[in-house]
Amino acid sequence: MGDRWHVEVDRSLCIGSAQCLHHAPDGFRLDAARQSRPAAPDMDANERVLEAAECCPAEAIVITLSSGEAVFPPEE
């Protein structure tokens with residue numbers, strides 16, 4: 001992929017299902033409240049992180065390019 005991504009988790013939406021950890025264990029961490037956060041907010045593009053965002057049951061993960069362009073969820 002070659003792009004740089006900015007990854008955020010909307011903590012008001014996160015339900016702590018840990019699906020993101022299942023799909024991208026190096027990309028996410030759970031805090032003491034069992035809510036997800038990115039392991040690093042800025043990272044190289046990563047198919048596993050994208051898969052985690054796509055599989056999040058609460059749709060709490062947002063990925064943008066460093067330019068601000070949406071990666072996930074895609075702009076309609």
# chains A, B, ... in the order shown; residues from 1 in each chain; ligands from 1
>>> residues_around(residues="A:Ala18", least_positions_apart="2", cutoff="8 Å", atoms="only C-alpha atoms", output="list of chain:residue names")
A:Gly16, A:Cys20, A:Leu21, A:His22, A:Leu30, A:Ser36
>>> select_by_dssp(residues="chain A", states="strand (DSSP E or B)", output="PyMOL selection string")
chain A and resi 4-9+28-30+36-38+42-44+61-65+70-72
>>> residues_around(residues="A:Val9", least_positions_apart="4", cutoff="8 Å", atoms="only C-alpha atoms", output="PyMOL selection string")
chain A and resi 14+36-38+60-62
>>> write_last_selection(atoms="C-alpha atoms", output="compact mmCIF listing (two decimals), in the first residue's frame")
# COMPACT_ATOMS: atom_id res chain seq x y z
CA CYS A 14 -16.59 1.44 21.07
CA SER A 36 -10.04 0.07 21.98
CA ARG A 37 -7.38 2.54 20.97
CA PRO A 38 -4.86 2.40 18.14
CA ALA A 60 -16.06 2.91 15.81
CA ILE A 61 -12.80 2.86 13.78
CA VAL A 62 -12.01 5.70 11.38
>>> closest_atom_pairs(of="stretch 36-55 of chain A", to="stretch 25-29 of chain A", cutoff="9 Å", atoms="only C-alpha atoms", output="CSV")
residue,atom,partner,partner_atom,distance
A:Ser36,CA,A:Arg29,CA,5.6
A:Arg37,CA,A:Arg29,CA,5.5
A:Pro38,CA,A:Phe28,CA,4.4
A:Ala39,CA,A:Phe28,CA,4.7
A:Ala40,CA,A:Gly27,CA,7.2
A:Met43,CA,A:Gly27,CA,8.7
A:Asn46,CA,A:Gly27,CA,8.8
A:Arg48,CA,A:Gly27,CA,8.1
A:Val49,CA,A:Gly27,CA,6.2
A:Ala52,CA,A:Gly27,CA,8.9
>>> write_last_selection(atoms="N, CA, C and O atoms", output="mmCIF file, in the first residue's frame")
data_model
loop_
_atom_site.group_PDB
_atom_site.id
_atom_site.type_symbol
_atom_site.label_atom_id
_atom_site.label_comp_id
_atom_site.auth_asym_id
_atom_site.auth_seq_id
_atom_site.Cartn_x
_atom_site.Cartn_y
_atom_site.Cartn_z
ATOM 1 N N SER A 36 -11.148 0.143 22.910
ATOM 2 C CA SER A 36 -10.040 0.071 21.979
ATOM 3 C C SER A 36 -9.388 1.435 21.768
ATOM 4 O O SER A 36 -10.027 2.478 21.896
ATOM 5 N N ARG A 37 -8.122 1.365 21.428
ATOM 6 C CA ARG A 37 -7.375 2.537 20.971
ATOM 7 C C ARG A 37 -6.311 2.019 20.015
ATOM 8 O O ARG A 37 -5.877 0.872 20.122
ATOM 9 N N PRO A 38 -5.912 2.856 19.046
ATOM 10 C CA PRO A 38 -4.856 2.395 18.142
ATOM 11 C C PRO A 38 -3.535 2.263 18.896
ATOM 12 O O PRO A 38 -3.255 3.048 19.806
ATOM 13 N N ALA A 39 -2.747 1.277 18.526
ATOM 14 C CA ALA A 39 -1.431 1.112 19.142
ATOM 15 C C ALA A 39 -0.574 2.337 18.847
ATOM 16 O O ALA A 39 0.207 2.772 19.689
ATOM 17 N N ALA A 40 -0.738 2.913 17.673
ATOM 18 C CA ALA A 40 -0.086 4.164 17.268
ATOM 19 C C ALA A 40 -1.075 4.867 16.348
ATOM 20 O O ALA A 40 -1.569 4.246 15.407
ATOM 21 N N MET A 43 0.264 5.321 11.255
ATOM 22 C CA MET A 43 0.934 4.065 10.902
ATOM 23 C C MET A 43 0.949 3.889 9.392
ATOM 24 O O MET A 43 0.211 4.566 8.676
ATOM 25 N N ASN A 46 -2.175 -0.716 6.308
ATOM 26 C CA ASN A 46 -2.091 -2.090 6.761
ATOM 27 C C ASN A 46 -3.434 -2.772 6.498
ATOM 28 O O ASN A 46 -4.455 -2.339 7.020
ATOM 29 N N ARG A 48 -4.609 -5.513 7.621
ATOM 30 C CA ARG A 48 -5.229 -6.073 8.825
ATOM 31 C C ARG A 48 -5.962 -4.988 9.612
ATOM 32 O O ARG A 48 -7.024 -5.236 10.177
ATOM 33 N N VAL A 49 -5.416 -3.781 9.656
ATOM 34 C CA VAL A 49 -6.085 -2.678 10.339
ATOM 35 C C VAL A 49 -7.363 -2.308 9.582
ATOM 36 O O VAL A 49 -8.408 -2.051 10.195
ATOM 37 N N ALA A 52 -9.916 -4.833 10.399
ATOM 38 C CA ALA A 52 -10.451 -4.587 11.742
ATOM 39 C C ALA A 52 -11.516 -3.501 11.705
ATOM 40 O O ALA A 52 -12.569 -3.629 12.336
#
>>> residues_around(residues="A:Glu59", least_positions_apart="3", cutoff="12 Å", atoms="only C-alpha atoms", output="list of chain:residue names")
A:Glu8, A:Val9, A:Asp10, A:Arg11, A:Ser12, A:Leu13, A:Cys14, A:Ile15, A:Gly16, A:Ser17, A:Gln19, A:Cys20, A:Ser36, A:Leu50, A:Glu51, A:Ala52, A:Ala53, A:Glu54, A:Cys55, A:Cys56, A:Val62, A:Ile63, A:Phe72, A:Pro73
>>> write_last_selection(atoms="N, CA, C and O atoms", output="short mmCIF file (atom, residue, chain, number, x, y, z; two decimals), in the first residue's frame")
data_model
loop_
_atom_site.label_atom_id
_atom_site.label_comp_id
_atom_site.auth_asym_id
_atom_site.auth_seq_id
_atom_site.Cartn_x
_atom_site.Cartn_y
_atom_site.Cartn_z
N GLU A 8 -8.22 6.36 14.23
CA GLU A 8 -8.89 6.81 15.44
C GLU A 8 -9.98 5.81 15.81
O GLU A 8 -10.55 5.16 14.94
N VAL A 9 -10.25 5.73 17.12
CA VAL A 9 -11.37 4.94 17.61
C VAL A 9 -12.29 5.91 18.34
O VAL A 9 -11.87 6.61 19.26
N ASP A 10 -13.54 5.95 17.91
CA ASP A 10 -14.53 6.80 18.57
C ASP A 10 -14.94 6.07 19.85
O ASP A 10 -15.70 5.10 19.82
N ARG A 11 -14.42 6.54 20.97
CA ARG A 11 -14.65 5.87 22.24
C ARG A 11 -16.10 5.96 22.69
O ARG A 11 -16.54 5.16 23.52
N SER A 12 -16.86 6.88 22.14
CA SER A 12 -18.28 6.93 22.48
C SER A 12 -19.06 5.82 21.78
O SER A 12 -20.17 5.51 22.18
N LEU A 13 -18.46 5.22 20.75
CA LEU A 13 -19.10 4.13 20.02
C LEU A 13 -18.53 2.76 20.39
O LEU A 13 -19.23 1.75 20.28
N CYS A 14 -17.28 2.71 20.80
CA CYS A 14 -16.59 1.44 21.07
C CYS A 14 -17.32 0.66 22.17
O CYS A 14 -17.61 1.21 23.24
N ILE A 15 -17.63 -0.61 21.90
CA ILE A 15 -18.32 -1.46 22.87
C ILE A 15 -17.38 -2.50 23.48
O ILE A 15 -17.81 -3.35 24.25
N GLY A 16 -16.10 -2.46 23.13
CA GLY A 16 -15.13 -3.37 23.73
C GLY A 16 -15.25 -4.80 23.28
O GLY A 16 -14.91 -5.72 24.03
N SER A 17 -15.71 -5.04 22.07
CA SER A 17 -15.86 -6.41 21.57
C SER A 17 -14.51 -7.08 21.31
O SER A 17 -14.44 -8.29 21.22
N GLN A 19 -12.90 -7.18 18.60
CA GLN A 19 -12.77 -7.69 17.24
C GLN A 19 -11.56 -7.07 16.55
O GLN A 19 -10.90 -7.73 15.74
N CYS A 20 -11.26 -5.82 16.87
CA CYS A 20 -10.09 -5.17 16.27
C CYS A 20 -8.81 -5.90 16.66
O CYS A 20 -7.91 -6.06 15.84
N SER A 36 -11.15 0.14 22.91
CA SER A 36 -10.04 0.07 21.98
C SER A 36 -9.39 1.43 21.77
O SER A 36 -10.03 2.48 21.90
N LEU A 50 -7.28 -2.30 8.26
CA LEU A 50 -8.48 -2.03 7.45
C LEU A 50 -9.54 -3.10 7.70
O LEU A 50 -10.72 -2.80 7.88
N GLU A 51 -9.14 -4.35 7.76
CA GLU A 51 -10.07 -5.45 8.04
C GLU A 51 -10.71 -5.26 9.42
O GLU A 51 -11.90 -5.48 9.60
N ALA A 52 -9.92 -4.83 10.40
CA ALA A 52 -10.45 -4.59 11.74
C ALA A 52 -11.52 -3.50 11.71
O ALA A 52 -12.57 -3.63 12.34
N ALA A 53 -11.26 -2.43 10.96
CA ALA A 53 -12.24 -1.34 10.85
C ALA A 53 -13.51 -1.84 10.19
O ALA A 53 -14.62 -1.53 10.63
N GLU A 54 -13.36 -2.63 9.14
CA GLU A 54 -14.53 -3.14 8.42
C GLU A 54 -15.35 -4.10 9.27
O GLU A 54 -16.57 -4.21 9.10
N CYS A 55 -14.71 -4.81 10.19
CA CYS A 55 -15.39 -5.81 11.02
C CYS A 55 -15.85 -5.28 12.37
O CYS A 55 -16.52 -6.00 13.12
N CYS A 56 -15.54 -4.05 12.69
CA CYS A 56 -15.94 -3.48 13.98
C CYS A 56 -17.47 -3.45 14.07
O CYS A 56 -18.12 -2.79 13.27
N VAL A 62 -12.08 4.79 12.53
CA VAL A 62 -12.01 5.70 11.38
C VAL A 62 -10.56 5.74 10.93
O VAL A 62 -9.64 5.92 11.73
N ILE A 63 -10.36 5.58 9.63
CA ILE A 63 -9.01 5.62 9.04
C ILE A 63 -8.99 6.70 7.97
O ILE A 63 -9.86 6.72 7.09
N PHE A 72 -11.54 4.66 5.55
CA PHE A 72 -12.67 3.92 6.09
C PHE A 72 -13.28 4.72 7.22
O PHE A 72 -12.56 5.20 8.08
N PRO A 73 -14.59 4.88 7.28
CA PRO A 73 -15.50 4.46 6.23
C PRO A 73 -15.30 5.31 4.99
O PRO A 73 -14.93 6.49 5.08
#
>>> select_by_dssp(residues="chain A", states="alpha helix (DSSP H)", output="number ranges by chain")
A: 19-23, 47-55
>>> write_last_selection(atoms="N, CA and C atoms", output="compact mmCIF listing (two decimals), in the first residue's frame")
# COMPACT_ATOMS: atom_id res chain seq x y z
N GLN A 19 -12.90 -7.18 18.60
CA GLN A 19 -12.77 -7.69 17.24
C GLN A 19 -11.56 -7.07 16.55
N CYS A 20 -11.26 -5.82 16.87
CA CYS A 20 -10.09 -5.17 16.27
C CYS A 20 -8.81 -5.90 16.66
N LEU A 21 -8.74 -6.35 17.92
CA LEU A 21 -7.56 -7.11 18.36
C LEU A 21 -7.47 -8.45 17.66
N HIS A 22 -8.60 -9.05 17.42
CA HIS A 22 -8.63 -10.33 16.72
C HIS A 22 -8.08 -10.18 15.30
N HIS A 23 -8.49 -9.12 14.61
CA HIS A 23 -8.10 -8.93 13.22
C HIS A 23 -6.73 -8.26 13.06
N GLU A 47 -3.42 -3.84 5.72
CA GLU A 47 -4.66 -4.55 5.39
C GLU A 47 -5.37 -5.09 6.62
N ARG A 48 -4.61 -5.51 7.62
CA ARG A 48 -5.23 -6.07 8.83
C ARG A 48 -5.96 -4.99 9.61
N VAL A 49 -5.42 -3.78 9.66
CA VAL A 49 -6.08 -2.68 10.34
C VAL A 49 -7.36 -2.31 9.58
N LEU A 50 -7.28 -2.30 8.26
CA LEU A 50 -8.48 -2.03 7.45
C LEU A 50 -9.54 -3.10 7.70
N GLU A 51 -9.14 -4.35 7.76
CA GLU A 51 -10.07 -5.45 8.04
C GLU A 51 -10.71 -5.26 9.42
N ALA A 52 -9.92 -4.83 10.40
CA ALA A 52 -10.45 -4.59 11.74
C ALA A 52 -11.52 -3.50 11.71
N ALA A 53 -11.26 -2.43 10.96
CA ALA A 53 -12.24 -1.34 10.85
C ALA A 53 -13.51 -1.84 10.19
N GLU A 54 -13.36 -2.63 9.14
CA GLU A 54 -14.53 -3.14 8.42
C GLU A 54 -15.35 -4.10 9.27
N CYS A 55 -14.71 -4.81 10.19
CA CYS A 55 -15.39 -5.81 11.02
C CYS A 55 -15.85 -5.28 12.37
>>> atom_distance(atom1="atom CA of A:His6", atom2="atom CA of A:Thr64")
5.2 Å
